[in-house]
file coords_24.tsv (TSV, C-alpha atoms and all ligand atoms)
chain	number	residue	atom	x	y	z
P	1	MET	CA	-3.85	3.45	25.73
P	2	ILE	CA	-4.96	5.22	22.55
P	3	LYS	CA	-4.06	2.80	19.77
P	4	LEU	CA	-2.46	3.84	16.51
P	5	SER	CA	-5.12	1.93	14.63
P	6	ARG	CA	-7.67	-0.80	15.24
P	7	PRO	CA	-9.37	-3.14	12.80
P	8	ASN	CA	-13.00	-2.12	12.37
P	9	ILE	CA	-14.80	-5.41	13.16
P	10	ASN	CA	-18.49	-5.58	13.99
P	11	ASP	CA	-21.16	-8.25	14.60
P	12	SER	CA	-22.08	-8.43	10.89
P	13	ASP	CA	-18.46	-9.28	10.07
P	14	VAL	CA	-18.49	-12.05	12.68
P	15	ALA	CA	-21.81	-13.42	11.33
P	16	ALA	CA	-20.51	-13.36	7.74
P	17	VAL	CA	-17.42	-15.35	8.72
P	18	THR	CA	-19.43	-17.78	10.83
P	19	ASP	CA	-21.77	-18.50	7.90
P	20	VAL	CA	-18.80	-19.45	5.73
P	21	LEU	CA	-17.33	-21.67	8.43
P	22	TYR	CA	-20.56	-23.69	8.48
P	23	SER	CA	-20.86	-23.69	4.68
P	24	GLU	CA	-18.08	-26.25	4.14
P	25	SER	CA	-16.73	-24.21	1.22
P	26	LEU	CA	-13.67	-22.53	2.66
P	27	VAL	CA	-11.23	-21.79	-0.16
P	28	GLN	CA	-11.62	-19.49	-3.15
P	29	GLY	CA	-15.26	-20.28	-3.87
P	30	VAL	CA	-18.40	-18.19	-4.14
P	31	GLN	CA	-17.29	-15.68	-1.51
P	32	VAL	CA	-14.06	-14.86	-3.31
P	33	LYS	CA	-15.88	-14.53	-6.63
P	34	SER	CA	-18.50	-12.20	-5.10
P	35	PHE	CA	-15.81	-10.20	-3.31
P	36	GLU	CA	-13.93	-9.74	-6.59
P	37	ASP	CA	-17.16	-8.61	-8.30
P	38	GLU	CA	-17.91	-6.12	-5.52
P	39	LEU	CA	-14.39	-4.72	-5.58
P	40	LYS	CA	-14.68	-4.42	-9.35
P	41	ALA	CA	-17.84	-2.35	-8.95
P	42	PHE	CA	-16.38	-0.25	-6.11
P	43	ILE	CA	-13.19	0.63	-7.97
P	44	SER	CA	-14.66	0.53	-11.50
P	45	SER	CA	-11.87	-1.78	-12.55
P	46	GLU	CA	-12.30	-4.29	-15.35
P	47	ASN	CA	-10.66	-7.20	-13.53
P	48	ILE	CA	-9.91	-8.05	-9.93
P	49	VAL	CA	-7.74	-10.96	-8.82
P	50	ALA	CA	-7.91	-11.67	-5.07
P	51	VAL	CA	-4.79	-13.08	-3.42
P	52	THR	CA	-3.42	-13.84	0.04
P	53	SER	CA	-1.69	-10.51	0.74
P	54	GLY	CA	-0.47	-7.25	-0.75
P	55	THR	CA	2.98	-8.80	-0.94
P	56	ALA	CA	1.57	-11.76	-2.91
P	57	ALA	CA	-0.15	-9.28	-5.25
P	58	LEU	CA	3.15	-7.51	-5.99
P	59	HIS	CA	5.05	-10.78	-6.32
P	60	LEU	CA	2.49	-12.24	-8.77
P	61	CYS	CA	2.71	-9.13	-10.96
P	62	LEU	CA	6.50	-9.46	-11.18
P	63	MET	CA	6.10	-13.16	-11.97
P	64	GLU	CA	3.51	-12.40	-14.63
P	65	LEU	CA	5.92	-9.94	-16.21
P	66	ASN	CA	8.83	-12.42	-16.01
P	67	VAL	CA	10.95	-9.87	-14.16
P	68	GLY	CA	14.41	-11.33	-13.55
P	69	PRO	CA	18.15	-10.80	-13.09
P	70	ASP	CA	18.71	-8.77	-16.28
P	71	ASP	CA	16.03	-6.26	-15.34
P	72	VAL	CA	15.81	-3.19	-13.16
P	73	VAL	CA	13.03	-2.16	-10.80
P	74	TYR	CA	12.89	1.47	-9.64
P	75	ILE	CA	11.50	1.68	-6.11
P	76	PRO	CA	10.86	4.67	-3.82
P	77	ASP	CA	13.25	4.42	-0.89
P	78	TYR	CA	10.56	5.38	1.64
P	79	THR	CA	8.07	2.51	1.82
P	80	PHE	CA	7.27	-0.75	3.56
P	81	VAL	CA	9.98	-3.34	2.88
P	82	ALA	CA	7.59	-5.61	0.92
P	83	THR	CA	7.80	-3.25	-2.09
P	84	ALA	CA	11.49	-4.06	-2.53
P	85	ASN	CA	11.51	-7.60	-1.14
P	86	VAL	CA	9.41	-8.88	-4.05
P	87	ALA	CA	11.90	-7.44	-6.54
P	88	ARG	CA	14.74	-9.02	-4.60
P	89	VAL	CA	13.14	-12.48	-4.53
P	90	VAL	CA	12.79	-12.46	-8.34
P	91	LYS	CA	16.48	-11.44	-8.41
P	92	ALA	CA	15.91	-8.14	-10.21
P	93	ASN	CA	18.29	-5.20	-9.85
P	94	ILE	CA	16.89	-2.48	-7.63
P	95	VAL	CA	17.45	1.25	-8.03
P	96	LEU	CA	16.21	3.28	-5.07
P	97	VAL	CA	14.63	6.66	-5.76
P	98	ASP	CA	14.02	9.56	-3.38
P	99	VAL	CA	10.53	10.69	-2.39
P	100	ASP	CA	8.70	13.99	-2.16
P	101	LEU	CA	8.32	15.64	1.26
P	102	ASP	CA	4.71	16.72	0.61
P	103	SER	CA	3.24	13.46	-0.66
P	104	TYR	CA	5.84	11.00	0.78
P	105	CYS	CA	5.64	9.29	-2.62
P	106	LEU	CA	8.15	8.80	-5.45
P	107	SER	CA	9.58	12.12	-6.58
P	108	PRO	CA	9.05	12.44	-10.38
P	109	GLU	CA	12.20	14.61	-10.63
P	110	ALA	CA	14.37	12.12	-8.73
P	111	PHE	CA	12.91	9.28	-10.80
P	112	SER	CA	13.68	11.05	-14.05
P	113	LYS	CA	17.28	11.62	-12.92
P	114	ARG	CA	17.83	8.02	-11.81
P	115	VAL	CA	16.35	6.72	-15.07
P	116	ALA	CA	18.71	8.94	-17.09
P	117	GLU	CA	21.64	7.57	-15.08
P	118	THR	CA	20.78	3.87	-15.10
P	119	ARG	CA	18.14	2.78	-17.63
P	120	HIS	CA	20.70	1.99	-20.38
P	121	LYS	CA	22.31	-0.73	-18.25
P	122	TYR	CA	19.29	-3.01	-18.23
P	123	GLU	CA	17.16	-4.91	-20.70
P	124	LYS	CA	13.70	-4.37	-19.23
P	125	ALA	CA	12.69	-1.79	-16.66
P	126	TYR	CA	9.87	-1.47	-14.14
P	127	VAL	CA	8.82	1.04	-11.51
P	128	ILE	CA	6.75	0.43	-8.41
P	129	PRO	CA	5.32	3.81	-7.34
P	130	VAL	CA	3.85	3.55	-3.83
P	131	MET	CA	0.68	5.43	-2.86
P	132	GLU	CA	2.19	5.98	0.56
P	133	PHE	CA	-0.33	6.09	3.42
P	134	GLY	CA	-3.17	6.31	0.86
P	135	CYS	CA	-1.88	9.33	-1.05
P	136	PRO	CA	-3.33	9.08	-4.58
P	137	ILE	CA	-0.26	10.12	-6.57
P	138	LYS	CA	-0.97	9.97	-10.21
P	139	SER	CA	1.10	7.59	-12.26
P	140	VAL	CA	0.44	10.24	-14.92
P	141	ASP	CA	3.22	12.28	-13.31
P	142	ILE	CA	5.74	9.62	-14.30
P	143	SER	CA	3.92	8.08	-17.25
P	144	ALA	CA	5.58	10.26	-19.91
P	145	ILE	CA	9.04	9.14	-18.89
P	146	CYS	CA	7.86	5.53	-18.47
P	147	HIS	CA	6.46	5.67	-21.98
P	148	SER	CA	9.57	7.13	-23.58
P	149	GLU	CA	11.95	4.82	-21.67
P	150	ASN	CA	9.77	1.71	-21.97
P	151	ILE	CA	9.26	1.25	-18.23
P	152	GLU	CA	6.27	-0.78	-17.01
P	153	ILE	CA	4.36	0.61	-14.00
P	154	ILE	CA	3.25	-1.67	-11.17
P	155	GLU	CA	1.37	0.42	-8.62
P	156	ASP	CA	1.82	-0.39	-4.95
P	157	ALA	CA	-1.58	0.80	-3.76
P	158	ALA	CA	-1.44	-1.38	-0.62
P	159	CYS	CA	-2.66	1.57	1.50
P	160	ALA	CA	-4.88	3.21	-1.10
P	161	LEU	CA	-8.16	1.32	-1.35
P	162	GLY	CA	-10.78	4.00	-2.00
P	163	ALA	CA	-8.24	6.74	-2.77
P	164	GLN	CA	-9.11	8.78	-5.85
P	165	SER	CA	-7.27	10.81	-8.40
P	166	ASP	CA	-9.31	13.27	-10.49
P	167	GLY	CA	-12.49	11.50	-9.39
P	168	ASN	CA	-11.23	8.06	-10.49
P	169	LYS	CA	-10.49	5.40	-7.91
P	170	ILE	CA	-6.91	4.18	-7.80
P	171	GLY	CA	-6.81	0.89	-9.70
P	172	SER	CA	-9.64	1.84	-12.05
P	173	ASN	CA	-7.49	2.08	-15.14
P	174	SER	CA	-4.08	0.51	-14.61
P	175	ARG	CA	-2.40	-2.62	-15.87
P	176	TYR	CA	-1.04	-3.60	-12.47
P	177	SER	CA	-2.39	-2.08	-9.25
P	178	CYS	CA	-1.77	-3.97	-5.99
P	179	PHE	CA	-3.76	-3.61	-2.74
P	180	SER	CA	-3.53	-5.03	0.78
P	181	PHE	CA	-6.12	-6.11	3.35
P	182	HIS	CA	-3.69	-6.18	6.29
P	183	PRO	CA	-5.40	-5.16	9.59
P	184	ARG	CA	-3.91	-1.66	9.39
P	185	LYS	CA	-5.67	-1.04	6.10
P	186	THR	CA	-9.14	0.50	5.71
P	187	VAL	CA	-10.65	-2.89	4.86
P	188	THR	CA	-9.13	-6.00	6.38
P	189	THR	CA	-9.46	-9.71	5.77
P	190	GLY	CA	-6.79	-10.54	8.39
P	191	GLU	CA	-4.28	-11.16	5.62
P	192	GLY	CA	-5.28	-10.64	2.01
P	193	GLY	CA	-4.88	-8.49	-1.05
P	194	PHE	CA	-5.77	-8.15	-4.71
P	195	ILE	CA	-4.64	-6.92	-8.08
P	196	ALA	CA	-6.75	-4.61	-10.22
P	197	THR	CA	-5.99	-4.72	-13.93
P	198	ASN	CA	-7.65	-3.35	-17.04
P	199	ASP	CA	-6.19	-6.18	-19.14
P	200	GLU	CA	-8.11	-9.43	-19.57
P	201	ASN	CA	-5.01	-11.49	-20.45
P	202	ILE	CA	-3.01	-10.22	-17.50
P	203	ALA	CA	-5.95	-11.13	-15.23
P	204	ALA	CA	-6.12	-14.66	-16.69
P	205	ASN	CA	-2.37	-15.15	-16.17
P	206	LEU	CA	-2.56	-13.83	-12.61
P	207	ARG	CA	-5.48	-16.17	-11.85
P	208	SER	CA	-3.45	-19.09	-13.09
P	209	LEU	CA	-0.28	-18.04	-11.23
P	210	ARG	CA	-2.16	-17.69	-7.91
P	211	ASN	CA	-3.31	-21.30	-8.36
P	212	HIS	CA	0.00	-23.13	-8.99
P	213	GLY	CA	0.13	-22.05	-12.64
P	214	LEU	CA	-2.83	-24.29	-13.53
P	215	LYS	CA	-4.94	-23.37	-16.56
P	216	PRO	CA	-7.92	-25.17	-18.12
P	217	ASP	CA	-6.76	-27.42	-20.98
P	218	ASP	CA	-8.70	-28.46	-24.12
P	219	LYS	CA	-9.57	-31.89	-22.62
P	220	GLY	CA	-11.71	-30.39	-19.87
P	221	GLY	CA	-8.98	-30.72	-17.25
P	222	TYR	CA	-6.10	-28.52	-16.08
P	223	CYS	CA	-2.48	-28.28	-17.06
P	224	CYS	CA	0.43	-26.50	-15.43
P	225	GLU	CA	1.72	-24.11	-18.07
P	226	LYS	CA	4.05	-22.03	-15.93
P	227	ALA	CA	5.19	-22.58	-12.34
P	228	GLY	CA	2.88	-20.68	-10.02
P	229	LEU	CA	2.21	-20.53	-6.31
P	230	ASN	CA	-0.69	-20.99	-3.93
P	231	TYR	CA	-1.80	-17.40	-3.34
P	232	ARG	CA	-5.53	-18.24	-3.18
P	233	LEU	CA	-7.62	-16.19	-0.76
P	234	THR	CA	-9.94	-18.16	1.52
P	235	ASP	CA	-13.71	-17.75	1.44
P	236	ILE	CA	-13.49	-17.00	5.16
P	237	ALA	CA	-11.30	-13.96	4.46
P	238	ALA	CA	-13.43	-12.91	1.48
P	239	ALA	CA	-16.63	-12.99	3.56
P	240	LEU	CA	-14.99	-10.71	6.12
P	241	GLY	CA	-13.82	-8.39	3.33
P	242	ARG	CA	-17.28	-8.27	1.72
P	243	SER	CA	-18.89	-7.35	5.01
P	244	GLN	CA	-16.29	-4.62	5.63
P	245	LEU	CA	-16.40	-3.23	2.10
P	246	LYS	CA	-20.01	-2.13	2.74
P	247	ARG	CA	-18.72	0.27	5.41
P	248	LEU	CA	-15.77	1.59	3.41
P	249	PRO	CA	-17.43	4.78	2.11
P	250	ASP	CA	-18.37	5.78	5.68
P	251	SER	CA	-14.98	4.79	6.98
P	252	LEU	CA	-13.20	6.91	4.34
P	253	GLN	CA	-15.38	9.84	5.34
P	254	THR	CA	-14.51	9.39	9.03
P	255	ARG	CA	-10.80	9.21	8.26
P	256	LYS	CA	-10.98	12.36	6.15
P	257	GLN	CA	-12.68	14.17	9.02
P	258	LEU	CA	-10.05	12.97	11.53
P	259	ALA	CA	-7.26	14.12	9.20
P	260	ALA	CA	-8.99	17.52	8.99
P	261	PHE	CA	-8.91	17.75	12.80
P	262	TYR	CA	-5.13	17.09	12.74
P	263	TYR	CA	-4.72	19.94	10.24
P	264	GLU	CA	-6.74	22.12	12.60
P	265	TYR	CA	-4.84	21.24	15.79
P	266	LEU	CA	-1.30	20.81	14.41
P	267	GLY	CA	-1.38	22.80	11.19
P	268	SER	CA	-0.49	26.17	12.66
P	269	ASN	CA	2.38	24.83	14.76
P	270	LYS	CA	5.60	25.63	12.91
P	271	LYS	CA	7.45	22.76	14.57
P	272	PHE	CA	5.66	20.21	12.41
P	273	ARG	CA	5.43	19.68	8.71
P	274	LEU	CA	2.18	17.95	7.79
P	275	PRO	CA	1.51	15.87	4.68
P	276	ALA	CA	-0.02	17.74	1.76
P	277	ASP	CA	-3.81	17.55	1.93
P	278	ILE	CA	-4.11	15.96	-1.50
P	279	PRO	CA	-7.72	15.54	-2.72
P	280	GLY	CA	-8.83	11.91	-2.82
P	281	HIS	CA	-6.38	10.79	-0.08
P	282	SER	CA	-7.68	7.68	1.72
P	283	TRP	CA	-5.78	8.47	4.94
P	284	GLN	CA	-4.69	4.95	5.78
P	285	SER	CA	-2.18	6.67	8.10
P	286	PHE	CA	-1.50	10.24	9.17
P	287	VAL	CA	2.27	10.85	9.26
P	288	VAL	CA	3.74	14.12	10.51
P	289	GLN	CA	7.32	15.32	10.17
P	290	LEU	CA	8.96	16.21	13.48
P	291	PRO	CA	11.50	19.02	13.80
P	292	PRO	CA	14.96	17.97	12.49
P	293	ASP	CA	16.35	17.87	16.06
P	294	ARG	CA	13.69	15.41	17.26
P	295	LEU	CA	13.95	11.70	16.41
P	296	ASN	CA	10.76	9.71	15.94
P	297	LEU	CA	12.01	6.85	18.16
P	298	ASP	CA	12.40	9.25	21.11
P	299	ILE	CA	8.96	10.78	20.58
P	300	ILE	CA	7.38	7.32	20.28
P	301	LYS	CA	8.64	6.57	23.84
P	302	LYS	CA	7.38	9.91	25.20
P	303	MET	CA	3.97	9.44	23.61
P	304	LYS	CA	3.74	5.92	25.00
P	305	ASP	CA	4.35	7.33	28.49
P	306	LYS	CA	1.36	9.62	27.86
P	307	GLY	CA	-0.80	6.63	26.88
P	308	ILE	CA	-0.69	7.17	23.11
P	309	GLU	CA	0.63	4.65	20.61
P	310	THR	CA	2.56	6.11	17.66
P	311	SER	CA	5.05	4.56	15.26
P	312	ILE	CA	7.52	5.31	12.52
P	313	GLY	CA	5.77	6.02	9.22
P	314	ALA	CA	7.70	3.75	6.86
P	315	TYR	CA	11.24	2.53	6.30
P	316	SER	CA	14.10	3.98	4.33
P	317	LEU	CA	15.09	0.85	2.41
P	318	SER	CA	18.67	2.09	2.10
P	319	LEU	CA	18.97	2.07	5.90
P	320	GLN	CA	17.96	-1.62	6.05
P	321	PRO	CA	20.78	-4.21	6.12
P	322	ALA	CA	19.18	-6.12	3.21
P	323	TYR	CA	19.53	-3.07	0.94
P	324	ALA	CA	22.63	-1.43	2.41
P	325	SER	CA	24.75	-2.27	-0.66
P	326	LEU	CA	22.56	-0.20	-3.02
P	327	ASP	CA	23.44	3.33	-4.12
P	328	ASP	CA	22.01	5.61	-1.43
P	329	THR	CA	23.59	8.92	-2.37
P	330	GLU	CA	20.46	10.87	-3.28
P	331	LEU	CA	17.89	9.69	-0.78
P	332	VAL	CA	17.89	12.72	1.49
P	333	ASN	CA	14.13	13.12	1.90
P	334	SER	CA	13.55	9.44	2.47
P	335	LYS	CA	16.20	9.25	5.18
P	336	HIS	CA	14.77	12.37	6.77
P	337	LEU	CA	11.29	10.80	6.86
P	338	ALA	CA	12.64	7.52	8.24
P	339	ARG	CA	14.08	9.42	11.22
P	340	HIS	CA	11.59	12.22	11.69
P	341	GLY	CA	8.33	10.85	10.26
P	342	LEU	CA	5.81	9.85	12.92
P	343	ALA	CA	2.51	8.03	12.37
P	344	ILE	CA	-0.07	9.27	14.87
P	345	PRO	CA	-3.38	7.57	15.73
P	346	LEU	CA	-6.05	7.49	13.04
P	347	CYS	CA	-8.87	5.07	13.57
P	348	HIS	CA	-12.64	4.89	13.52
P	349	THR	CA	-13.01	4.92	17.33
P	350	LEU	CA	-11.46	8.40	17.69
P	351	CYS	CA	-13.34	11.69	17.92
P	352	GLU	CA	-12.37	15.38	17.70
P	353	GLU	CA	-11.56	15.53	21.42
P	354	ASP	CA	-9.12	12.61	21.06
P	355	ILE	CA	-7.37	14.26	18.12
P	356	LYS	CA	-7.10	17.49	20.10
P	357	ASN	CA	-5.56	15.63	23.06
P	358	ILE	CA	-3.18	13.63	20.85
P	359	SER	CA	-2.07	16.87	19.18
P	360	THR	CA	-1.47	18.57	22.54
P	361	SER	CA	0.50	15.55	23.80
P	362	LEU	CA	2.59	15.57	20.64
P	363	ILE	CA	3.37	19.28	20.93
P	364	ASN	CA	4.35	18.76	24.59
P	365	SER	CA	6.51	15.73	23.77
P	366	VAL	CA	8.42	17.72	21.15
P	367	GLU	CA	8.86	20.72	23.49
P	368	GLU	CA	9.92	18.75	26.60
Y	401	LIG	C1	3.29	0.16	0.90
Y	401	LIG	C2	3.05	-1.29	1.20
Y	401	LIG	N1	3.33	-2.20	0.27
Y	401	LIG	C3	3.10	-3.51	0.47
Y	401	LIG	C4	2.58	-3.97	1.65
Y	401	LIG	C5	2.39	-5.43	1.86
Y	401	LIG	O1	1.05	-5.79	2.11
Y	401	LIG	P1	0.71	-7.09	2.97
Y	401	LIG	O2	1.04	-6.80	4.40
Y	401	LIG	O3	-0.74	-7.30	2.74
Y	401	LIG	O4	1.54	-8.20	2.43
Y	401	LIG	C6	2.27	-3.07	2.65
Y	401	LIG	C7	1.69	-3.55	3.91
Y	401	LIG	O5	1.62	-3.12	4.92
Y	401	LIG	C8	2.51	-1.68	2.43
Y	401	LIG	O6	2.24	-0.75	3.37
call {"tool": "encode", "arguments": {"input": "coords_24.tsv", "output": "structure tokens"}}
result
Amino acid sequence: MIKLSRPNINDSDVAAVTDVLYSESLVQGVQVKSFEDELKAFISSENIVAVTSGTAALHLCLMELNVGPDDVVYIPDYTFVATANVARVVKANIVLVDVDLDSYCLSPEAFSKRVAETRHKYEKAYVIPVMEFGCPIKSVDISAICHSENIEIIEDAACALGAQSDGNKIGSNSRYSCFSFHPRKTVTTGEGGFIATNDENIAANLRSLRNHGLKPDDKGGYCCEKAGLNYRLTDIAAALGRSQLKRLPDSLQTRKQLAAFYYEYLGSNKKFRLPADIPGHSWQSFVVQLPPDRLNLDIIKKMKDKGIETSIGAYSLSLQPAYASLDDTELVNSKHLARHGLAIPLCHTLCEEDIKNISTSLINSVEE
């Protein structure tokens, strides 16, 4: 079976983890600190706060901002459910926004329209643009409207470690940029994530919130200033991440090459619409759009019969029971992607021949 993706684990990763296991320092110690420093250098961010998952990263940002029931969070409808779940658990109001069919990310036009329709109803407003599948959309595209309407941006860059916009890594200059180390990401720690922020105070608050809300007091001890959670990353996970981070530049290069092969073998076939080849994409996943008369769930079964694992790309939140009560009138692209978007294999073990065969199998599955 050709797998959709595989974690890229080698003997150095295993040795790094084993060393930590014998070191007797397992939780948020030297490894986490070094990992944060190395991520800081890689991204050119001023502050990195490691946490237990991408979801934890998003949740901590909303907690740091005191987002609550009087507030609104604008969220692209096509994403992983975690993007909206964190807004729901802090009891914020959610407004779903349609996405763009080239980038699969928040559509600036749809966002602008939804803001005009709804912003006046709420005290504070936030938007969580998602860098879907590693696409480095620029918050700049929505920053003018966010500025004029006083909307804070929290980037969901869960899939976008190493992605670049105009030569700058995503997370290099934002107040809240959240990343994931889930095994389907380009660097994995099993479970893990982090927040990149250019603001020293935000970083200090996030560090406190990930550790139960504890902060150093003036008597040399700690006090709990604000209720926090335990979102501390382990040193075991950080050691694995540090070892993997060394290979990230090569891995990004490999993924870019594999994506180029998909453009070569599928690009001229009119049945498919491929994602826009946006410079600086980190290609966490490669998601194609099937013809409107072909459902992704049917093609997934056909591909499985041919020995190839594929999956849906992401969810349309409005089609999920948890979000069914939200206004879903203008989410046409998102719903289209939820039904016709297909993630096809992209992982370091594949070569040009594999991509050619996967492409041929996909064309056959659609034509059968
Ligand atoms: C867009 C997006 N946001 C958030 C998350 C949540 O990250 P994690 O699985 O690390 O909690 C994911 C994870 O897959 C994701 O794809």
call {"tool": "residues_near_point", "arguments": {"input": "coords_24.tsv", "point": "(11.7, -4.1, -11.7)", "cutoff": "6 Å", "atoms": "all atoms listed in the file", "output": "VMD selection string"}}
result
chain P and resid 72 to 73 125 to 127
call {"tool": "residues_around", "arguments": {"input": "coords_24.tsv", "residues": "Cys347 of chain P", "least_positions_apart": "5", "cutoff": "10 Å", "atoms": "all atoms listed in the file", "output": "list in words"}}
result
Ile2, Lys3, Leu4, Ser5, Arg6, Pro7, Asn8, Arg184, Thr186, Ser251, Thr254, Arg255, Leu258, Trp283, Gln284 and Ser285 of chain P
call {"tool": "atom_distance", "arguments": {"input": "coords_24.tsv", "atom1": "atom CA of Asp100 of chain P", "atom2": "atom CA of Asn173 of chain P"}}
result
23.9 Å
call {"tool": "closest_atom_pairs", "arguments": {"input": "coords_24.tsv", "of": "chain P", "to": "ligand LIG 401 (chain Y)", "cutoff": "6 Å", "atoms": "only C-alpha atoms and all ligand atoms", "output": "JSON lines"}}
result
{"residue": "P:Ser53", "atom": "CA", "partner": "Y:LIG401", "partner_atom": "O3", "distance": 3.9}
{"residue": "P:Gly54", "atom": "CA", "partner": "Y:LIG401", "partner_atom": "O3", "distance": 3.5}
{"residue": "P:Thr55", "atom": "CA", "partner": "Y:LIG401", "partner_atom": "O4", "distance": 3.7}
{"residue": "P:Thr79", "atom": "CA", "partner": "Y:LIG401", "partner_atom": "C1", "distance": 5.4}
{"residue": "P:Phe80", "atom": "CA", "partner": "Y:LIG401", "partner_atom": "C2", "distance": 4.9}
{"residue": "P:Ala82", "atom": "CA", "partner": "Y:LIG401", "partner_atom": "C3", "distance": 5.0}
{"residue": "P:Thr83", "atom": "CA", "partner": "Y:LIG401", "partner_atom": "N1", "distance": 5.2}
{"residue": "P:Val130", "atom": "CA", "partner": "Y:LIG401", "partner_atom": "C1", "distance": 5.8}
{"residue": "P:Glu132", "atom": "CA", "partner": "Y:LIG401", "partner_atom": "C1", "distance": 5.9}
{"residue": "P:Asp156", "atom": "CA", "partner": "Y:LIG401", "partner_atom": "N1", "distance": 5.7}
{"residue": "P:Ala158", "atom": "CA", "partner": "Y:LIG401", "partner_atom": "C2", "distance": 4.8}
{"residue": "P:Cys159", "atom": "CA", "partner": "Y:LIG401", "partner_atom": "O6", "distance": 5.7}
{"residue": "P:Ser180", "atom": "CA", "partner": "Y:LIG401", "partner_atom": "O3", "distance": 4.1}
{"residue": "P:Phe181", "atom": "CA", "partner": "Y:LIG401", "partner_atom": "O3", "distance": 5.5}
{"residue": "P:His182", "atom": "CA", "partner": "Y:LIG401", "partner_atom": "O3", "distance": 4.7}
{"residue": "P:Glu191", "atom": "CA", "partner": "Y:LIG401", "partner_atom": "O3", "distance": 6.0}
{"residue": "P:Gly192", "atom": "CA", "partner": "Y:LIG401", "partner_atom": "O3", "distance": 5.7}
{"residue": "P:Gly193", "atom": "CA", "partner": "Y:LIG401", "partner_atom": "O3", "distance": 5.7}
call {"tool": "write_last_selection", "arguments": {"input": "coords_24.tsv", "atoms": "C-alpha atoms", "output": "mmCIF file, in the coordinates of the input"}}
result
data_model
loop_
_atom_site.group_PDB
_atom_site.id
_atom_site.type_symbol
_atom_site.label_atom_id
_atom_site.label_comp_id
_atom_site.auth_asym_id
_atom_site.auth_seq_id
_atom_site.Cartn_x
_atom_site.Cartn_y
_atom_site.Cartn_z
ATOM 1 C CA SER P 53 -1.690 -10.510 0.740
ATOM 2 C CA GLY P 54 -0.470 -7.250 -0.750
ATOM 3 C CA THR P 55 2.980 -8.800 -0.940
ATOM 4 C CA THR P 79 8.070 2.510 1.820
ATOM 5 C CA PHE P 80 7.270 -0.750 3.560
ATOM 6 C CA ALA P 82 7.590 -5.610 0.920
ATOM 7 C CA THR P 83 7.800 -3.250 -2.090
ATOM 8 C CA VAL P 130 3.850 3.550 -3.830
ATOM 9 C CA GLU P 132 2.190 5.980 0.560
ATOM 10 C CA ASP P 156 1.820 -0.390 -4.950
ATOM 11 C CA ALA P 158 -1.440 -1.380 -0.620
ATOM 12 C CA CYS P 159 -2.660 1.570 1.500
ATOM 13 C CA SER P 180 -3.530 -5.030 0.780
ATOM 14 C CA PHE P 181 -6.120 -6.110 3.350
ATOM 15 C CA HIS P 182 -3.690 -6.180 6.290
ATOM 16 C CA GLU P 191 -4.280 -11.160 5.620
ATOM 17 C CA GLY P 192 -5.280 -10.640 2.010
ATOM 18 C CA GLY P 193 -4.880 -8.490 -1.050
#
call {"tool": "atom_distance", "arguments": {"input": "coords_24.tsv", "atom1": "atom CA of Asp235 of chain P", "atom2": "atom CA of Phe179 of chain P"}}
result
17.8 Å
call {"tool": "residues_near_point", "arguments": {"input": "coords_24.tsv", "point": "(-17.7, -6.9, -6.8)", "cutoff": "12 Å", "atoms": "only C-alpha atoms", "output": "list in words"}}
result
Val30, Gln31, Val32, Lys33, Ser34, Phe35, Glu36, Asp37, Glu38, Leu39, Lys40, Ala41, Phe42, Ile43, Ser44, Ser45, Glu46, Asn47, Ile48, Val49, Ala50, Ala196, Ala238, Gly241, Arg242, Ser243, Leu245 and Lys246 of chain P
call {"tool": "atom_distance", "arguments": {"input": "coords_24.tsv", "atom1": "atom CA of Leu317 of chain P", "atom2": "atom CA of Tyr231 of chain P"}}
result
25.5 Å
call {"tool": "residues_around", "arguments": {"input": "coords_24.tsv", "residues": "Arg119 of chain P", "least_positions_apart": "3", "cutoff": "10 Å", "atoms": "all atoms listed in the file", "output": "PyMOL selection string"}}
result
chain P and resi 71-74+95+114-116+122-126+149-151
call {"tool": "closest_residue", "arguments": {"input": "coords_24.tsv", "among": "P:Pro345, P:Gly267, P:Gly228, P:Pro291", "to": "Asn66 of chain P", "atoms": "all atoms listed in the file"}}
result
P:Gly228
call {"tool": "residues_around", "arguments": {"input": "coords_24.tsv", "residues": "Glu368 of chain P", "least_positions_apart": "5", "cutoff": "10 Å", "atoms": "only C-alpha atoms", "output": "list of chain:residue names"}}
result
P:Lys302, P:Leu362, P:Ile363
call {"tool": "closest_residue", "arguments": {"input": "coords_24.tsv", "among": "P:Ile170, P:Ser361, P:Thr310, P:Ser318", "to": "Ile344 of chain P", "atoms": "only C-alpha atoms"}}
result
P:Thr310
call {"tool": "decode", "arguments": {"input": "coords_24.tsv", "residues": "segment 293-297 of chain P", "atoms": "N, CA and C atoms", "output": "short mmCIF file (atom, residue, chain, number, x, y, z; two decimals), in the first residue's frame"}}
result
data_model
loop_
_atom_site.label_atom_id
_atom_site.label_comp_id
_atom_site.auth_asym_id
_atom_site.auth_seq_id
_atom_site.Cartn_x
_atom_site.Cartn_y
_atom_site.Cartn_z
N ASP P 293 -18.65 15.81 -10.82
CA ASP P 293 -19.50 14.61 -10.75
C ASP P 293 -18.77 13.42 -10.10
N ARG P 294 -17.66 13.67 -9.47
CA ARG P 294 -16.93 12.60 -8.78
C ARG P 294 -16.71 12.98 -7.31
N LEU P 295 -17.24 12.14 -6.40
CA LEU P 295 -17.10 12.43 -4.97
C LEU P 295 -15.80 11.86 -4.43
N ASN P 296 -15.15 12.61 -3.55
CA ASN P 296 -13.87 12.12 -3.01
C ASN P 296 -14.02 10.77 -2.30
N LEU P 297 -15.13 10.57 -1.57
CA LEU P 297 -15.26 9.31 -0.82
C LEU P 297 -15.28 8.10 -1.76
#
